[in-house]
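Below is one structure, written out as structure tokens; comments come after it.
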Amino acid sequence: MLDRDDPHAPTVINAPVVAGRPLPLRVAVPLAIAAGLALLVAFPPYGVWPLAPVGVALLAAAAHRRRLRAGAGLGFLTGVAFFAPLLAWTNLHTGSLPWVLLSLLQAGYVALLGAATAWVSPLVDRARWAWPALTGLLWVGQEALRDRTPFGGFPWGRLAFSQDTSPLLRLAALGGAPLVTFAVALVGGLLVTAVWHLWAARRPTALIHPTGTDTTGEAPADPAADAVATTPGDGPQDADGPLDGPAPAGSAPARRWTPVVVPAVVAVALTAGSLLVPVATAGSGDTVTVAIVQGNVPRLGLDFNAQRQAVLNNHVDATIELAERVAAGQQRRPDLVVWPENSSDIDPLRNPTAGARISQAADTIGAPILVGAVLLGPDAGQVRNAGILWRPGTGADLEQLYTKRHPVPFAEYVPLRDVARMVSKKVDLIRNDFVPGSTPGVVRAGPTVLGDVICFEVAYDEVVRDTVTGGAQLLVVQTNNATFNEAEARQQMAMVRLRAVEHGRPALMASTVGVSGFVAPDGRVSDATGFNTREVVVRQLRLDDGRTLATRLGWWPEVALAALAAAALVGAAVLRRRQRVRPG
């Protein structure tokens, strides 16, 4: 029992407090869905990048001052509206079940974000100018969790990957993808701060009494989040002035518009100011000539590998045709040729015919070929997804072999196979599990050191960064898009553009069917190929072995931002408790 006579004992606040109410549910639900659609259109193949912060702002407004369950529900709606169409390419050849399960799983993380947004509402109401930063921190925290869980995570759809043509892309050179995500969400927070003030200024202010009802007799959605305590004699004020009520009569027009204009101006200034971040337009090292061979497949779909010999022949023949153009003086001889992932699904180390065909191509072109191959072993029932350097005259260089470190769960290997089989018998289509490699993809290919990553690995910060810190001068992404579509390929190319800026390196993406192309250190794409075509592109590149600030900082920007997000959640918990029981 609390001593009522103790002047220091906590007492429940009896004075009325100002009610800040959430948006009506009939408005919040459409806003949450619109948020997901806005995020979707920000990504390739649409590429309307300004809609990413708009989507962030819409979700922040919808979830603000909601109960946790309502915030989570609204976040889930946003996640489904975003991820279901974004990942539609996953159901083209495998049926709808993997697509539905993956979309719902990813939407669950946005549901957590919606709940967290609702949770920190008291902090926002106490210091409205903190809203943009809180929004940015929560988005980084959500992505940090989604990128790592479960089974190593799935970073597809990070806000940063929507900004491949945005000025904000340059921020990747300072803090990588987490800093770009933070900036996008920060701009979204600035937008919602400005627009919320306009909306709130047109709503009447209600008073919440200790009974939990307002002056209209209705209970607020979340009294702890919706109320800011006042003491007798104090007016209903927050950090920005009147809280969610009309401006006082006679106040200066400039002062009334300041909470609207300032966030909007800062949002524009932050976006435009990112152009001032210096990035290199080309490398500063030696020049090399690199060829990308996109051999194409007989037909798109999962059965492309049923015609493994035809796929291999396509890449061999395209390379020999390039050698003929070189011999005729129509093309510069490349120092390196890059084939895509799965260009040889026949193990060339064990199959003499496949090995001989690759050697024919390397000998004819007179340059080493980075071959994307499926290698058997090391144990029975296991295979490896690898990039192996094939040299003219000597063949496979086993010391320059990279094995994919991050195989895709339920696509390249099946975790919990017995449990997964109860969900779908199609898991047994994956007869052999791909085993992960243990070393970064640093491949020394004569005149250059390559940073090789395979397919989805380009989405994982540490996988790419480890190749750069290991000495890579040119980033290479070997990928196979034959089981997906052009939208997926263009989403992947957007990630390559960010990695080039992040590490100040030239980069390239080599795909079996497209899109392939070269990327400059400032993110510009050159010689991009079409989709489902056979093409060979050759380009001179300037290498680079310097390190950007993002490369030197590594994962620390993400750690710092995620830690601040956790601190904000704790701070909101403390504030919620104080709003219920305050010192007398």
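Starting from 1 in every chain, residues are counted up; chains themselves are A, B, ... following the order of the structure tokens, and ligands are numbered from 1 as listed.
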Among region 405-546 of chain A, which residues carry a DSSP assignment of strand (DSSP E or B), reported as a ChimeraX atom specification? /A:409,413,433-434,442-445,448-454,474-479,507-511,517-519,525-526,535-542
Would you put the residues from that selection into a file with N, CA and C atoms, as a CSV table (one decimal), in the first residue's frame?
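The resulting file, again-v3.csv, is shown below:
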chain,number,residue,atom,x,y,z
A,409,PRO,N,17.7,-20.8,-48.5
A,409,PRO,CA,16.9,-21.8,-47.9
A,409,PRO,C,15.7,-22.1,-48.7
A,413,TYR,N,18.8,-25.4,-50.6
A,413,TYR,CA,18.8,-26.4,-49.5
A,413,TYR,C,17.6,-26.4,-48.7
A,433,ASP,N,21.3,-31.0,-51.3
A,433,ASP,CA,21.4,-29.7,-50.6
A,433,ASP,C,22.7,-29.1,-51.0
A,434,PHE,N,22.7,-27.8,-51.4
A,434,PHE,CA,23.9,-27.0,-51.6
A,434,PHE,C,24.5,-26.7,-50.2
A,442,VAL,N,37.1,-13.9,-53.0
A,442,VAL,CA,38.3,-13.2,-53.6
A,442,VAL,C,39.0,-14.1,-54.6
A,443,VAL,N,38.9,-13.7,-55.9
A,443,VAL,CA,39.4,-14.5,-57.0
A,443,VAL,C,40.5,-13.7,-57.7
A,444,ARG,N,41.7,-14.2,-57.7
A,444,ARG,CA,42.8,-13.5,-58.4
A,444,ARG,C,42.9,-14.0,-59.9
A,445,ALA,N,42.5,-13.1,-60.8
A,445,ALA,CA,42.4,-13.5,-62.2
A,445,ALA,C,43.3,-12.7,-63.0
A,448,THR,N,43.5,-8.6,-62.5
A,448,THR,CA,42.6,-8.0,-61.6
A,448,THR,C,42.3,-9.0,-60.5
A,449,VAL,N,41.9,-8.5,-59.3
A,449,VAL,CA,41.3,-9.3,-58.2
A,449,VAL,C,39.8,-9.1,-58.2
A,450,LEU,N,39.1,-10.2,-58.3
A,450,LEU,CA,37.7,-10.1,-58.3
A,450,LEU,C,37.1,-10.3,-56.9
A,451,GLY,N,35.9,-9.6,-56.7
A,451,GLY,CA,35.1,-9.9,-55.5
A,451,GLY,C,33.8,-10.6,-56.0
A,452,ASP,N,33.8,-11.9,-56.0
A,452,ASP,CA,32.8,-12.7,-56.6
A,452,ASP,C,31.7,-13.0,-55.6
A,453,VAL,N,30.4,-12.7,-55.9
A,453,VAL,CA,29.3,-13.1,-55.1
A,453,VAL,C,28.3,-13.7,-56.1
A,454,ILE,N,27.5,-14.6,-55.6
A,454,ILE,CA,26.6,-15.4,-56.5
A,454,ILE,C,25.2,-15.1,-56.1
A,474,LEU,N,37.4,-5.4,-58.4
A,474,LEU,CA,36.2,-5.4,-59.3
A,474,LEU,C,35.2,-6.3,-58.7
A,475,LEU,N,34.0,-5.8,-58.5
A,475,LEU,CA,32.9,-6.6,-57.9
A,475,LEU,C,32.2,-7.4,-59.1
A,476,VAL,N,32.0,-8.7,-58.9
A,476,VAL,CA,31.3,-9.5,-59.9
A,476,VAL,C,30.1,-10.2,-59.2
A,477,VAL,N,29.0,-10.1,-59.9
A,477,VAL,CA,27.8,-10.8,-59.4
A,477,VAL,C,27.4,-11.8,-60.5
A,478,GLN,N,27.6,-13.1,-60.2
A,478,GLN,CA,27.1,-14.1,-61.1
A,478,GLN,C,25.7,-14.6,-60.7
A,479,THR,N,24.8,-14.5,-61.7
A,479,THR,CA,23.4,-14.8,-61.3
A,479,THR,C,22.7,-15.6,-62.4
A,507,ALA,N,31.7,-2.5,-61.0
A,507,ALA,CA,31.0,-3.8,-60.7
A,507,ALA,C,30.3,-4.3,-62.0
A,508,LEU,N,30.0,-5.5,-62.0
A,508,LEU,CA,29.2,-6.1,-63.1
A,508,LEU,C,28.3,-7.2,-62.7
A,509,MET,N,27.2,-7.4,-63.4
A,509,MET,CA,26.3,-8.5,-63.2
A,509,MET,C,26.3,-9.3,-64.5
A,510,ALA,N,26.5,-10.6,-64.3
A,510,ALA,CA,26.5,-11.5,-65.5
A,510,ALA,C,25.3,-12.5,-65.2
A,511,SER,N,24.3,-12.5,-66.1
A,511,SER,CA,23.2,-13.3,-65.9
A,511,SER,C,23.1,-14.3,-67.1
A,517,GLY,N,25.2,-6.4,-67.2
A,517,GLY,CA,25.7,-5.1,-67.5
A,517,GLY,C,26.8,-4.7,-66.5
A,518,PHE,N,27.5,-3.5,-66.9
A,518,PHE,CA,28.5,-3.0,-66.1
A,518,PHE,C,28.0,-1.8,-65.3
A,519,VAL,N,28.6,-1.6,-64.1
A,519,VAL,CA,28.2,-0.5,-63.2
A,519,VAL,C,29.5,0.3,-62.8
A,525,VAL,N,24.9,2.6,-64.9
A,525,VAL,CA,24.9,1.3,-65.6
A,525,VAL,C,25.2,1.5,-67.1
A,526,SER,N,26.1,0.6,-67.6
A,526,SER,CA,26.5,0.7,-69.0
A,526,SER,C,26.3,-0.7,-69.7
A,535,GLU,N,23.6,-12.4,-75.6
A,535,GLU,CA,24.4,-11.2,-75.9
A,535,GLU,C,25.7,-11.4,-75.2
A,536,VAL,N,26.7,-10.7,-75.8
A,536,VAL,CA,28.0,-10.5,-75.3
A,536,VAL,C,28.4,-9.0,-75.3
A,537,VAL,N,28.8,-8.5,-74.1
A,537,VAL,CA,29.1,-7.1,-74.0
A,537,VAL,C,30.6,-7.0,-73.4
A,538,VAL,N,31.3,-6.1,-74.0
A,538,VAL,CA,32.7,-5.9,-73.6
A,538,VAL,C,33.0,-4.5,-73.3
A,539,ARG,N,33.7,-4.3,-72.2
A,539,ARG,CA,34.0,-2.9,-71.8
A,539,ARG,C,35.3,-2.8,-71.1
A,540,GLN,N,36.0,-1.6,-71.2
A,540,GLN,CA,37.2,-1.3,-70.5
A,540,GLN,C,36.8,-0.7,-69.1
A,541,LEU,N,37.4,-1.2,-68.1
A,541,LEU,CA,37.1,-0.7,-66.7
A,541,LEU,C,38.4,-0.3,-66.1
A,542,ARG,N,38.3,0.8,-65.2
A,542,ARG,CA,39.4,1.2,-64.4
A,542,ARG,C,39.2,0.6,-63.0
Give me the residues within 7 Å of Asn432 (chain A) as a PyMOL selection string, counting only C-alpha atoms and dropping any in the same chain fewer than 2 places off. chain A and resi 381-383+430+434
With only C-alpha atoms as the counted atoms, please give the residues lying no more than 12 Å from Gly79 (chain A), apart from itself and same-chain residues fewer than 3 positions off, as a PyMOL selection string. chain A and resi 32-40+55-56+59+72-76+82-87+102-114+157
A:Leu553, A:Val290, A:Ala573, A:Leu25 ranked by distance to Ala70 (chain A), top pick (using only C-alpha atoms):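 Residue with the minimum atom-to-atom distance to Ala70 (chain A): A:Leu25.
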Name the residues in contact with region 325-329 of chain A at a cut-off of 10 Å, using only C-alpha atoms, excluding same-chain residues fewer than 5 positions from it; report them as a ChimeraX atom specification. /A:319-320,334,364-365
Please produce a file of those selected residues containing N, CA, C and O atoms, as a PDB file, in the first residue's frame.
ATOM      1  N   THR A 319      31.228 -17.408 -76.589  1.00  0.00           N
ATOM      2  CA  THR A 319      32.615 -17.000 -76.324  1.00  0.00           C
ATOM      3  C   THR A 319      33.485 -17.212 -77.553  1.00  0.00           C
ATOM      4  O   THR A 319      34.343 -16.372 -77.890  1.00  0.00           O
ATOM      5  N   ILE A 320      33.275 -18.311 -78.265  1.00  0.00           N
ATOM      6  CA  ILE A 320      34.041 -18.569 -79.487  1.00  0.00           C
ATOM      7  C   ILE A 320      33.702 -17.530 -80.559  1.00  0.00           C
ATOM      8  O   ILE A 320      34.585 -17.058 -81.301  1.00  0.00           O
ATOM      9  N   PRO A 334      39.526  -9.370 -74.620  1.00  0.00           N
ATOM     10  CA  PRO A 334      39.310  -9.162 -73.189  1.00  0.00           C
ATOM     11  C   PRO A 334      40.437  -9.757 -72.361  1.00  0.00           C
ATOM     12  O   PRO A 334      41.079 -10.741 -72.756  1.00  0.00           O
ATOM     13  N   THR A 364      40.430 -20.487 -77.046  1.00  0.00           N
ATOM     14  CA  THR A 364      40.104 -19.727 -78.255  1.00  0.00           C
ATOM     15  C   THR A 364      40.126 -18.230 -77.991  1.00  0.00           C
ATOM     16  O   THR A 364      40.649 -17.454 -78.794  1.00  0.00           O
ATOM     17  N   ILE A 365      39.567 -17.811 -76.877  1.00  0.00           N
ATOM     18  CA  ILE A 365      39.536 -16.384 -76.568  1.00  0.00           C
ATOM     19  C   ILE A 365      40.853 -15.898 -76.003  1.00  0.00           C
ATOM     20  O   ILE A 365      41.155 -14.699 -76.026  1.00  0.00           O
TER      21      ILE A 365
END
Hey, what's within 10 Å of Gln360 (chain A) if we count only C-alpha atoms and toss same-chain stuff fewer than 6 positions away? As number ranges by chain, please? A: 316-317, 319-320, 354, 366, 392-393, 395
Take the residues from that selection and write them out as an mmCIF file, in the first residue's frame, keeping C-alpha atoms.
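The new file again.cif reads:
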data_model
loop_
_atom_site.group_PDB
_atom_site.id
_atom_site.type_symbol
_atom_site.label_atom_id
_atom_site.label_comp_id
_atom_site.auth_asym_id
_atom_site.auth_seq_id
_atom_site.Cartn_x
_atom_site.Cartn_y
_atom_site.Cartn_z
ATOM 1 C CA VAL A 316 30.915 -21.771 -75.127
ATOM 2 C CA ASP A 317 29.617 -20.861 -78.576
ATOM 3 C CA THR A 319 32.615 -17.000 -76.324
ATOM 4 C CA ILE A 320 34.041 -18.569 -79.487
ATOM 5 C CA ALA A 354 32.138 -30.353 -70.039
ATOM 6 C CA GLY A 366 42.965 -16.440 -74.951
ATOM 7 C CA PRO A 392 43.663 -20.850 -71.181
ATOM 8 C CA GLY A 393 46.115 -23.685 -71.630
ATOM 9 C CA GLY A 395 42.183 -25.312 -67.380
#
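Of the listed residues A:Gly152, A:Ala172, A:Ser438, A:Val80, the one whose atoms come nearest to Pro415 (chain A) is A:Gly152, with distances taken using only C-alpha atoms.
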